[in-house]
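What's in data20.pdb: PDB, C-alpha atoms
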```pdb
ATOM      1  CA  MET A 808     -11.030 -53.999 194.710
ATOM      2  CA  GLU A 809     -12.331 -57.044 196.504
ATOM      3  CA  ALA A 810      -9.663 -59.682 197.023
ATOM      4  CA  ARG A 811     -10.723 -63.074 195.702
ATOM      5  CA  GLY A 812      -8.855 -66.198 196.678
ATOM      6  CA  PRO A 813      -8.711 -69.602 195.046
ATOM      7  CA  ASP A 814     -11.972 -70.618 196.767
ATOM      8  CA  ALA A 815     -14.004 -67.795 195.203
ATOM      9  CA  PRO A 816     -17.330 -68.904 193.646
ATOM     10  CA  GLN A 817     -16.953 -69.962 190.040
ATOM     11  CA  ASN A 818     -19.809 -67.714 188.913
ATOM     12  CA  ALA A 819     -18.138 -64.582 190.343
ATOM     13  CA  ARG A 820     -16.645 -62.148 187.898
ATOM     14  CA  SER A 821     -12.980 -61.211 187.888
ATOM     15  CA  GLU A 822     -12.453 -57.471 188.331
ATOM     16  CA  MET A 823      -9.070 -57.701 186.613
ATOM     17  CA  THR A 824     -10.308 -59.356 183.430
ATOM     18  CA  GLY A 825     -14.116 -59.174 183.413
ATOM     19  CA  SER A 826     -14.248 -62.940 182.770
ATOM     20  CA  VAL A 827     -15.599 -65.814 184.844
ATOM     21  CA  ALA A 828     -13.569 -65.837 188.043
ATOM     22  CA  ARG A 829     -10.806 -68.307 188.737
ATOM     23  CA  PRO A 830      -7.885 -67.942 191.119
ATOM     24  CA  ARG A 831      -6.281 -64.614 190.289
ATOM     25  CA  ARG A 832      -2.733 -65.079 189.016
ATOM     26  CA  ALA A 833       0.156 -62.633 189.083
ATOM     27  CA  LEU A 834       3.672 -62.761 187.699
ATOM     28  CA  VAL A 835       6.456 -60.859 189.498
ATOM     29  CA  THR A 836       9.923 -60.409 188.005
ATOM     30  CA  GLY A 837      13.052 -59.988 190.128
ATOM     31  CA  ALA A 838      11.272 -62.094 192.737
ATOM     32  CA  SER A 839      14.145 -63.830 194.518
ATOM     33  CA  ALA A 840      14.903 -61.109 197.094
ATOM     34  CA  GLY A 841      14.215 -57.581 198.283
ATOM     35  CA  LEU A 842      11.179 -55.774 196.888
ATOM     36  CA  GLY A 843      10.337 -58.542 194.408
ATOM     37  CA  ALA A 844      10.126 -61.156 197.164
ATOM     38  CA  ALA A 845       8.023 -58.796 199.298
ATOM     39  CA  LEU A 846       5.645 -58.223 196.379
ATOM     40  CA  CYS A 847       5.188 -61.986 196.008
ATOM     41  CA  VAL A 848       4.386 -62.358 199.707
ATOM     42  CA  GLU A 849       1.952 -59.431 199.714
ATOM     43  CA  LEU A 850       0.082 -60.751 196.678
ATOM     44  CA  ALA A 851      -0.069 -64.263 198.153
ATOM     45  CA  SER A 852      -1.461 -62.880 201.413
ATOM     46  CA  LYS A 853      -4.301 -61.321 199.387
ATOM     47  CA  GLY A 854      -5.240 -64.631 197.766
ATOM     48  CA  TRP A 855      -3.329 -64.328 194.509
ATOM     49  CA  LEU A 856      -1.520 -67.276 192.967
ATOM     50  CA  VAL A 857       1.946 -65.901 192.221
ATOM     51  CA  ILE A 858       4.600 -66.878 189.692
ATOM     52  CA  GLY A 859       7.840 -65.360 190.971
ATOM     53  CA  VAL A 860      10.547 -65.303 188.301
ATOM     54  CA  SER A 861      14.226 -64.468 188.601
ATOM     55  CA  ARG A 862      17.559 -65.689 187.315
ATOM     56  CA  ARG A 863      17.868 -67.869 190.421
ATOM     57  CA  GLY A 864      14.276 -69.088 190.362
ATOM     58  CA  THR A 865      13.977 -69.024 194.165
ATOM     59  CA  THR A 866      10.961 -67.932 196.211
ATOM     60  CA  PRO A 867      10.827 -66.138 199.571
ATOM     61  CA  SER A 868      10.687 -68.178 202.776
ATOM     62  CA  ILE A 869       7.272 -67.497 204.289
ATOM     63  CA  ASP A 870       4.488 -69.286 206.125
ATOM     64  CA  ALA A 871       3.247 -72.549 204.676
ATOM     65  CA  ALA A 872      -0.179 -71.197 203.704
ATOM     66  CA  SER A 873       1.251 -68.399 201.587
ATOM     67  CA  GLN A 874       4.085 -70.556 200.262
ATOM     68  CA  ARG A 875       1.561 -72.790 198.508
ATOM     69  CA  ARG A 876       0.471 -69.734 196.535
ATOM     70  CA  ILE A 877       3.956 -68.844 195.241
ATOM     71  CA  GLU A 878       5.755 -70.744 192.508
ATOM     72  CA  GLY A 879       9.338 -69.911 191.592
ATOM     73  CA  ARG A 880      10.631 -70.121 188.031
ATOM     74  CA  ARG A 881      13.903 -69.212 186.369
ATOM     75  CA  LEU A 882      13.831 -66.386 183.856
ATOM     76  CA  ASP A 883      16.298 -63.889 182.483
ATOM     77  CA  VAL A 884      14.126 -60.972 181.350
ATOM     78  CA  THR A 885      16.749 -60.002 178.756
ATOM     79  CA  ASP A 886      16.304 -63.376 176.983
ATOM     80  CA  ALA A 887      13.451 -62.656 174.553
ATOM     81  CA  ALA A 888      13.017 -66.302 173.527
ATOM     82  CA  ALA A 889      12.761 -67.457 177.151
ATOM     83  CA  VAL A 890      10.297 -64.664 177.955
ATOM     84  CA  ALA A 891       8.088 -65.598 174.995
ATOM     85  CA  ALA A 892       8.153 -69.293 175.937
ATOM     86  CA  LEU A 893       7.193 -68.601 179.548
ATOM     87  CA  VAL A 894       4.302 -66.302 178.630
ATOM     88  CA  ARG A 895       2.993 -68.822 176.080
ATOM     89  CA  ASP A 896       3.062 -71.525 178.745
ATOM     90  CA  LEU A 897       1.225 -69.328 181.229
ATOM     91  CA  ASP A 898      -1.335 -68.281 178.605
ATOM     92  CA  ASP A 899      -1.961 -71.935 177.777
ATOM     93  CA  THR A 900      -2.659 -72.711 181.440
ATOM     94  CA  GLY A 901      -5.146 -69.938 182.182
ATOM     95  CA  GLY A 902      -3.127 -66.783 181.792
ATOM     96  CA  ILE A 903      -1.887 -64.013 184.069
ATOM     97  CA  ASP A 904      -4.116 -61.194 185.328
ATOM     98  CA  LEU A 905      -1.356 -58.983 186.754
ATOM     99  CA  TYR A 906       2.226 -58.570 185.606
ATOM    100  CA  VAL A 907       4.503 -56.802 188.118
ATOM    101  CA  LEU A 908       7.697 -55.914 186.256
ATOM    102  CA  ASN A 909      10.229 -55.301 188.993
ATOM    103  CA  ALA A 910      13.574 -56.755 187.834
ATOM    104  CA  GLY A 911      16.332 -54.160 187.831
ATOM    105  CA  ILE A 912      20.004 -53.532 188.552
ATOM    106  CA  ASN A 913      22.010 -50.480 189.521
ATOM    107  CA  THR A 914      25.736 -49.724 189.723
ATOM    108  CA  PRO A 915      26.453 -46.236 191.077
ATOM    109  CA  GLN A 916      29.543 -44.929 189.275
ATOM    110  CA  PRO A 917      30.511 -41.927 187.141
ATOM    111  CA  VAL A 918      29.495 -42.351 183.507
ATOM    112  CA  GLU A 919      33.079 -42.142 182.290
ATOM    113  CA  GLU A 920      34.203 -44.984 184.553
ATOM    114  CA  LEU A 921      31.195 -47.296 184.524
ATOM    115  CA  PRO A 922      32.182 -50.200 182.244
ATOM    116  CA  LEU A 923      30.160 -49.960 179.055
ATOM    117  CA  GLU A 924      29.194 -53.622 179.320
ATOM    118  CA  ARG A 925      27.684 -52.991 182.761
ATOM    119  CA  ALA A 926      25.903 -49.864 181.515
ATOM    120  CA  ARG A 927      24.349 -51.815 178.640
ATOM    121  CA  GLU A 928      23.342 -54.609 181.018
ATOM    122  CA  SER A 929      21.514 -52.076 183.196
ATOM    123  CA  ILE A 930      19.538 -50.667 180.265
ATOM    124  CA  GLU A 931      18.814 -54.154 178.916
ATOM    125  CA  THR A 932      17.434 -55.309 182.274
ATOM    126  CA  ASN A 933      15.737 -52.172 183.563
ATOM    127  CA  PHE A 934      14.150 -51.011 180.314
ATOM    128  CA  TRP A 935      14.256 -53.649 177.592
ATOM    129  CA  GLY A 936      13.426 -56.424 180.058
ATOM    130  CA  VAL A 937      10.169 -54.617 180.851
ATOM    131  CA  VAL A 938       9.391 -53.911 177.195
ATOM    132  CA  THR A 939      10.099 -57.497 176.147
ATOM    133  CA  LEU A 940       7.876 -59.084 178.778
ATOM    134  CA  ALA A 941       5.051 -56.582 178.329
ATOM    135  CA  ARG A 942       5.013 -57.101 174.552
ATOM    136  CA  ALA A 943       4.804 -60.859 175.071
ATOM    137  CA  ALA A 944       1.988 -60.429 177.614
ATOM    138  CA  LEU A 945      -0.274 -58.105 175.613
ATOM    139  CA  PRO A 946      -1.852 -60.628 173.198
ATOM    140  CA  GLY A 947      -2.984 -62.865 176.058
ATOM    141  CA  LEU A 948      -4.299 -59.948 178.087
ATOM    142  CA  ARG A 949      -6.304 -58.734 175.082
ATOM    143  CA  ALA A 950      -7.676 -62.198 174.432
ATOM    144  CA  ARG A 951      -8.818 -62.540 178.064
ATOM    145  CA  GLY A 952     -10.503 -59.139 178.079
ATOM    146  CA  GLY A 953      -7.946 -57.107 180.017
ATOM    147  CA  GLY A 954      -5.619 -57.087 182.988
ATOM    148  CA  THR A 955      -2.867 -54.989 184.522
ATOM    149  CA  ILE A 956       0.798 -54.354 183.779
ATOM    150  CA  ALA A 957       2.495 -52.712 186.763
ATOM    151  CA  VAL A 958       6.014 -51.379 186.211
ATOM    152  CA  ILE A 959       8.337 -50.613 189.108
ATOM    153  CA  GLY A 960       9.946 -47.305 188.269
ATOM    154  CA  SER A 961      11.790 -45.018 190.655
ATOM    155  CA  LEU A 962      12.093 -41.514 192.013
ATOM    156  CA  ALA A 963      15.161 -41.557 189.731
ATOM    157  CA  GLY A 964      12.693 -41.440 186.834
ATOM    158  CA  LYS A 965      12.073 -37.818 187.797
ATOM    159  CA  ILE A 966      15.256 -36.864 189.674
ATOM    160  CA  THR A 967      18.579 -38.496 188.818
ATOM    161  CA  PRO A 968      21.260 -38.268 191.521
ATOM    162  CA  PRO A 969      24.982 -38.156 190.646
ATOM    163  CA  GLY A 970      26.534 -41.498 189.870
ATOM    164  CA  GLU A 971      23.268 -42.947 188.594
ATOM    165  CA  ALA A 972      23.026 -41.466 185.111
ATOM    166  CA  ILE A 973      22.503 -44.875 183.476
ATOM    167  CA  TYR A 974      20.038 -46.082 186.098
ATOM    168  CA  GLY A 975      18.174 -42.775 185.910
ATOM    169  CA  ALA A 976      18.123 -42.965 182.118
ATOM    170  CA  SER A 977      16.487 -46.400 182.267
ATOM    171  CA  LYS A 978      13.830 -45.178 184.711
ATOM    172  CA  HIS A 979      13.183 -41.980 182.721
ATOM    173  CA  ALA A 980      12.700 -44.202 179.660
ATOM    174  CA  LEU A 981      10.120 -46.291 181.528
ATOM    175  CA  GLU A 982       8.132 -43.158 182.388
ATOM    176  CA  GLY A 983       7.776 -42.205 178.733
ATOM    177  CA  TRP A 984       7.191 -45.766 177.577
ATOM    178  CA  CYS A 985       4.420 -46.392 180.118
ATOM    179  CA  GLU A 986       2.643 -43.160 179.222
ATOM    180  CA  GLY A 987       2.684 -43.986 175.526
ATOM    181  CA  LEU A 988       1.598 -47.586 176.119
ATOM    182  CA  LEU A 989      -1.380 -46.733 178.302
ATOM    183  CA  HIS A 990      -2.947 -44.740 175.447
ATOM    184  CA  GLU A 991      -2.602 -47.721 173.113
ATOM    185  CA  VAL A 992      -4.037 -50.433 175.361
ATOM    186  CA  SER A 993      -6.739 -48.682 177.407
ATOM    187  CA  ARG A 994      -9.375 -49.648 174.793
ATOM    188  CA  PHE A 995      -8.689 -53.310 175.661
ATOM    189  CA  ASP A 996      -9.267 -52.763 179.404
ATOM    190  CA  ILE A 997      -5.547 -53.229 180.008
ATOM    191  CA  HIS A 998      -4.368 -50.981 182.824
ATOM    192  CA  ILE A 999      -0.834 -49.581 183.075
ATOM    193  CA  ARG A1000       0.557 -48.617 186.470
ATOM    194  CA  LEU A1001       3.969 -47.067 187.095
ATOM    195  CA  LEU A1002       5.028 -47.296 190.744
ATOM    196  CA  ALA A1003       7.776 -44.771 191.536
ATOM    197  CA  PRO A1004       9.251 -45.424 195.005
ATOM    198  CA  GLU A1005      11.793 -43.459 196.977
ATOM    199  CA  PHE A1006      14.793 -45.276 198.469
ATOM    200  CA  ILE A1007      13.945 -48.839 199.545
ATOM    201  CA  ALA A1008      16.137 -50.841 201.918
ATOM    202  CA  THR A1009      17.303 -53.556 199.526
ATOM    203  CA  THR A1010      20.339 -55.629 198.642
ATOM    204  CA  GLN A1011      20.537 -54.096 195.167
ATOM    205  CA  VAL A1012      23.691 -52.053 195.895
ATOM    206  CA  ALA A1013      26.883 -54.038 196.284
ATOM    207  CA  ALA A1014      28.401 -54.209 199.765
ATOM    208  CA  LYS A1015      31.669 -52.808 198.405
ATOM    209  CA  PRO A1016      32.197 -49.904 196.003
ATOM    210  CA  PRO A1017      33.354 -50.697 192.452
ATOM    211  CA  HIS A1018      37.097 -51.040 192.044
ATOM    212  CA  SER A1019      38.772 -47.642 192.245
ATOM    213  CA  ILE A1020      40.495 -46.453 189.100
ATOM    214  CA  GLU A1021      44.030 -45.284 189.763
ATOM    215  CA  GLY A1022      44.494 -41.622 188.907
ATOM    216  CA  SER A1023      40.746 -41.119 188.426
ATOM    217  CA  PRO A1024      39.837 -37.471 187.772
ATOM    218  CA  TYR A1025      36.816 -38.113 190.006
ATOM    219  CA  GLY A1026      38.970 -39.001 193.017
ATOM    220  CA  ASP A1027      37.016 -40.948 195.616
ATOM    221  CA  LEU A1028      33.668 -39.895 194.139
ATOM    222  CA  THR A1029      32.633 -43.479 193.400
ATOM    223  CA  GLN A1030      33.232 -44.583 196.982
ATOM    224  CA  ARG A1031      31.346 -41.594 198.369
ATOM    225  CA  LEU A1032      28.454 -42.167 195.991
ATOM    226  CA  VAL A1033      28.090 -45.820 196.953
ATOM    227  CA  GLN A1034      28.403 -45.037 200.652
ATOM    228  CA  GLY A1035      25.700 -42.382 200.299
ATOM    229  CA  TRP A1036      23.488 -44.757 198.332
ATOM    230  CA  GLN A1037      23.936 -47.479 200.943
ATOM    231  CA  LYS A1038      23.086 -45.076 203.762
ATOM    232  CA  ASN A1039      19.906 -43.970 202.007
ATOM    233  CA  ALA A1040      18.978 -47.575 201.266
ATOM    234  CA  ARG A1041      19.507 -48.620 204.893
ATOM    235  CA  ASN A1042      17.339 -45.758 206.075
ATOM    236  CA  GLY A1043      14.790 -46.214 203.325
ATOM    237  CA  MET A1044      11.358 -47.753 203.283
ATOM    238  CA  THR A1045      11.289 -51.452 204.062
ATOM    239  CA  PRO A1046      10.447 -53.770 201.156
ATOM    240  CA  ASP A1047       7.410 -55.064 203.045
ATOM    241  CA  LEU A1048       5.948 -51.585 203.516
ATOM    242  CA  ALA A1049       6.696 -50.621 199.919
ATOM    243  CA  ALA A1050       5.048 -53.817 198.674
ATOM    244  CA  ARG A1051       1.890 -53.203 200.719
ATOM    245  CA  ARG A1052       1.548 -49.680 199.362
ATOM    246  CA  MET A1053       2.239 -50.786 195.804
ATOM    247  CA  ILE A1054      -0.257 -53.643 195.740
ATOM    248  CA  ARG A1055      -2.908 -51.456 197.355
ATOM    249  CA  ALA A1056      -2.340 -48.845 194.637
ATOM    250  CA  ILE A1057      -2.372 -51.439 191.855
ATOM    251  CA  GLU A1058      -5.659 -52.905 193.037
ATOM    252  CA  ARG A1059      -7.318 -49.476 193.079
ATOM    253  CA  ARG A1060      -8.935 -49.879 189.695
ATOM    254  CA  ASN A1061      -9.605 -46.198 188.972
ATOM    255  CA  GLY A1062      -6.408 -44.851 190.514
ATOM    256  CA  PRO A1063      -3.764 -42.764 188.708
ATOM    257  CA  TRP A1064      -1.408 -44.428 186.247
ATOM    258  CA  ARG A1065       1.736 -43.012 187.893
ATOM    259  CA  ILE A1066       1.946 -43.544 191.645
ATOM    260  CA  PRO A1067       4.770 -42.179 193.818
ATOM    261  CA  ILE A1068       5.545 -44.428 196.776
ATOM    262  CA  GLY A1069       6.803 -42.642 199.879
ATOM    263  CA  ALA A1070       6.986 -39.023 200.997
ATOM    264  CA  GLY A1071      10.266 -38.338 199.185
ATOM    265  CA  ALA A1072       8.926 -39.652 195.897
ATOM    266  CA  THR A1073       5.880 -37.424 196.292
ATOM    267  CA  TRP A1074       7.444 -34.170 197.463
ATOM    268  CA  LEU A1075      10.923 -33.974 195.940
ATOM    269  CA  PRO A1076       9.655 -33.527 192.341
ATOM    270  CA  ARG A1077       7.269 -30.854 193.611
ATOM    271  CA  LEU A1078      10.076 -29.132 195.520
ATOM    272  CA  ARG A1079      12.199 -29.087 192.380
ATOM    273  CA  PHE A1080       9.388 -27.382 190.500
ATOM    274  CA  LEU A1081       8.906 -24.808 193.275
ATOM    275  CA  ILE A1082      12.535 -23.789 193.839
ATOM    276  CA  GLY A1083      13.773 -24.236 190.269
ATOM    277  CA  ASP A1084      16.539 -26.336 188.772
ATOM    278  CA  ARG A1085      19.468 -24.087 189.621
ATOM    279  CA  VAL A1086      18.886 -24.200 193.363
ATOM    280  CA  PHE A1087      17.713 -27.816 193.372
ATOM    281  CA  LEU A1088      20.748 -29.115 191.481
ATOM    282  CA  HIS A1089      23.097 -27.160 193.738
ATOM    283  CA  ILE A1090      21.501 -28.682 196.827
ATOM    284  CA  THR A1091      21.768 -32.162 195.272
ATOM    285  CA  ARG A1092      25.504 -31.763 194.622
ATOM    286  CA  ARG A1093      26.059 -30.537 198.168
ATOM    287  CA  LEU A1094      24.171 -33.507 199.598
ATOM    288  CA  PHE A1095      26.470 -35.842 197.690
ATOM    289  CA  GLY A1096      29.617 -33.953 198.634
ATOM    290  CA  LEU A1097      30.286 -32.668 195.138
ATOM    291  CA  THR A1098      30.771 -28.986 195.976
TER     292      THR A1098
END
```
So that I can check it, write out the structure of this file as structure tokens.
Amino acid sequence: MEARGPDAPQNARSEMTGSVARPRRALVTGASAGLGAALCVELASKGWLVIGVSRRGTTPSIDAASQRRIEGRRLDVTDAAAVAALVRDLDDTGGIDLYVLNAGINTPQPVEELPLERARESIETNFWGVVTLARAALPGLRARGGGTIAVIGSLAGKITPPGEAIYGASKHALEGWCEGLLHEVSRFDIHIRLLAPEFIATTQVAAKPPHSIEGSPYGDLTQRLVQGWQKNARNGMTPDLAARRMIRAIERRNGPWRIPIGAGATWLPRLRFLIGDRVFLHITRRLFGLT
């Protein structure tokens, strides 16, 4: 897709919407840090005007030219009324061509010991936050003749490691939801993209493990899980590289709807299919020190 900036001719046609061109606008959730901030920067560098939303409402610190293309706003994606109000405001001022639904949280911990309130918060943010914003966005996208909803999934949507049952459940749910949605909206020239990355070096995992539960039947499993997660995250793909690959995939108009990002995200599901569940699950438990 050709990148068009704010100075594009007014008689050009937008490839996202099929309407008379104007500055292309994108909304990115979870935009204050990590992958979300990198996605904002990458889009701005390609000429997009970006609305970066998060609970903090901050934007990444970047060069002055790109900074003028990024606007930060506060939004809790689990607040349906706030989501609806924001989308109405954006629709009234020209609309959004690309929604990048990235907000998510993760707390590695055994299911039995993960506080139920935290588990519900994860599902509310990772799954229902996406559903809520997408539902609010669809009427405007239809009215403008189309657009793109890009959902940031995870390798955990195919392979769930120990300690991440709730996180994996939310990402598995997104896989099914996106597939069902794309059938419903394709007639309106609305494109659904699910980006499924491997480990990304982010600040999403807390620096310290959750508080140990005295007498836990899982022993030090929680600490080992978090330490393993942190190691993988440190050694993972940088947010900048992940963002470049994601935006390139999103802008490929006729590309696949589900796009693995990174070698691990591409090959691990295939390896599981080739060697079978019994062997694959055994290897997974060994890697996490559970055998």
Test item: residues at most 12 Å from Pro1063 of chain A, all atoms listed in the file, excluding those fewer than 3 positions along its chain, as a ChimeraX atom specification: /A:957,986,989,998-1002,1056-1060,1066-1067
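Closest approach to Ser1023 of chain A among A:Ser993, A:Gln916, A:Asn933, A:Thr900: A:Gln916, based on only C-alpha atoms.
When all atoms listed in the file are used to measure the gap to Asn1061 of chain A, the shortest distance among A:Thr955, A:Val938, A:Ala950, A:Ala887 belongs to A:Thr955.
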Can you list, as an mmCIF file with C-alpha atoms, in the frame of the given file, the residues that the PyMOL selection byres ((chain A and resi 942-945) around 12) selects here?
```
data_model
loop_
_atom_site.group_PDB
_atom_site.id
_atom_site.type_symbol
_atom_site.label_atom_id
_atom_site.label_comp_id
_atom_site.auth_asym_id
_atom_site.auth_seq_id
_atom_site.Cartn_x
_atom_site.Cartn_y
_atom_site.Cartn_z
ATOM 1 C CA ALA A 833 0.156 -62.633 189.083
ATOM 2 C CA LEU A 834 3.672 -62.761 187.699
ATOM 3 C CA VAL A 884 14.126 -60.972 181.350
ATOM 4 C CA ASP A 886 16.304 -63.376 176.983
ATOM 5 C CA ALA A 887 13.451 -62.656 174.553
ATOM 6 C CA ALA A 888 13.017 -66.302 173.527
ATOM 7 C CA ALA A 889 12.761 -67.457 177.151
ATOM 8 C CA VAL A 890 10.297 -64.664 177.955
ATOM 9 C CA ALA A 891 8.088 -65.598 174.995
ATOM 10 C CA ALA A 892 8.153 -69.293 175.937
ATOM 11 C CA LEU A 893 7.193 -68.601 179.548
ATOM 12 C CA VAL A 894 4.302 -66.302 178.630
ATOM 13 C CA ARG A 895 2.993 -68.822 176.080
ATOM 14 C CA ASP A 896 3.062 -71.525 178.745
ATOM 15 C CA LEU A 897 1.225 -69.328 181.229
ATOM 16 C CA ASP A 898 -1.335 -68.281 178.605
ATOM 17 C CA GLY A 902 -3.127 -66.783 181.792
ATOM 18 C CA ILE A 903 -1.887 -64.013 184.069
ATOM 19 C CA ASP A 904 -4.116 -61.194 185.328
ATOM 20 C CA LEU A 905 -1.356 -58.983 186.754
ATOM 21 C CA TYR A 906 2.226 -58.570 185.606
ATOM 22 C CA VAL A 907 4.503 -56.802 188.118
ATOM 23 C CA LEU A 908 7.697 -55.914 186.256
ATOM 24 C CA TRP A 935 14.256 -53.649 177.592
ATOM 25 C CA GLY A 936 13.426 -56.424 180.058
ATOM 26 C CA VAL A 937 10.169 -54.617 180.851
ATOM 27 C CA VAL A 938 9.391 -53.911 177.195
ATOM 28 C CA THR A 939 10.099 -57.497 176.147
ATOM 29 C CA LEU A 940 7.876 -59.084 178.778
ATOM 30 C CA ALA A 941 5.051 -56.582 178.329
ATOM 31 C CA PRO A 946 -1.852 -60.628 173.198
ATOM 32 C CA GLY A 947 -2.984 -62.865 176.058
ATOM 33 C CA LEU A 948 -4.299 -59.948 178.087
ATOM 34 C CA ARG A 949 -6.304 -58.734 175.082
ATOM 35 C CA ALA A 950 -7.676 -62.198 174.432
ATOM 36 C CA ARG A 951 -8.818 -62.540 178.064
ATOM 37 C CA GLY A 952 -10.503 -59.139 178.079
ATOM 38 C CA GLY A 953 -7.946 -57.107 180.017
ATOM 39 C CA GLY A 954 -5.619 -57.087 182.988
ATOM 40 C CA THR A 955 -2.867 -54.989 184.522
ATOM 41 C CA ILE A 956 0.798 -54.354 183.779
ATOM 42 C CA ALA A 957 2.495 -52.712 186.763
ATOM 43 C CA TRP A 984 7.191 -45.766 177.577
ATOM 44 C CA LEU A 988 1.598 -47.586 176.119
ATOM 45 C CA LEU A 989 -1.380 -46.733 178.302
ATOM 46 C CA GLU A 991 -2.602 -47.721 173.113
ATOM 47 C CA VAL A 992 -4.037 -50.433 175.361
ATOM 48 C CA SER A 993 -6.739 -48.682 177.407
ATOM 49 C CA PHE A 995 -8.689 -53.310 175.661
ATOM 50 C CA ASP A 996 -9.267 -52.763 179.404
ATOM 51 C CA ILE A 997 -5.547 -53.229 180.008
ATOM 52 C CA HIS A 998 -4.368 -50.981 182.824
ATOM 53 C CA ILE A 999 -0.834 -49.581 183.075
#
```
Explicit residues for the PyMOL selection byres ((chain A and resi 1041) around 10) (as an MDAnalysis selection string): chainID A and resid 1006:1010 1035:1040 1042:1045
Applied to the shown file, which residues does the PyMOL selection byres ((chain A and resi 1049) around 9) return, written as a PDB file with C-alpha atoms, in the coordinates of the input?
```pdb
ATOM      1  CA  LEU A 842      11.179 -55.774 196.888  1.00  0.00           C
ATOM      2  CA  ALA A 845       8.023 -58.796 199.298  1.00  0.00           C
ATOM      3  CA  LEU A 846       5.645 -58.223 196.379  1.00  0.00           C
ATOM      4  CA  PRO A1004       9.251 -45.424 195.005  1.00  0.00           C
ATOM      5  CA  ILE A1007      13.945 -48.839 199.545  1.00  0.00           C
ATOM      6  CA  MET A1044      11.358 -47.753 203.283  1.00  0.00           C
ATOM      7  CA  THR A1045      11.289 -51.452 204.062  1.00  0.00           C
ATOM      8  CA  PRO A1046      10.447 -53.770 201.156  1.00  0.00           C
ATOM      9  CA  ASP A1047       7.410 -55.064 203.045  1.00  0.00           C
ATOM     10  CA  LEU A1048       5.948 -51.585 203.516  1.00  0.00           C
ATOM     11  CA  ALA A1050       5.048 -53.817 198.674  1.00  0.00           C
ATOM     12  CA  ARG A1051       1.890 -53.203 200.719  1.00  0.00           C
ATOM     13  CA  ARG A1052       1.548 -49.680 199.362  1.00  0.00           C
ATOM     14  CA  MET A1053       2.239 -50.786 195.804  1.00  0.00           C
ATOM     15  CA  ILE A1054      -0.257 -53.643 195.740  1.00  0.00           C
ATOM     16  CA  ILE A1068       5.545 -44.428 196.776  1.00  0.00           C
ATOM     17  CA  GLY A1069       6.803 -42.642 199.879  1.00  0.00           C
TER      18      GLY A1069
END
```
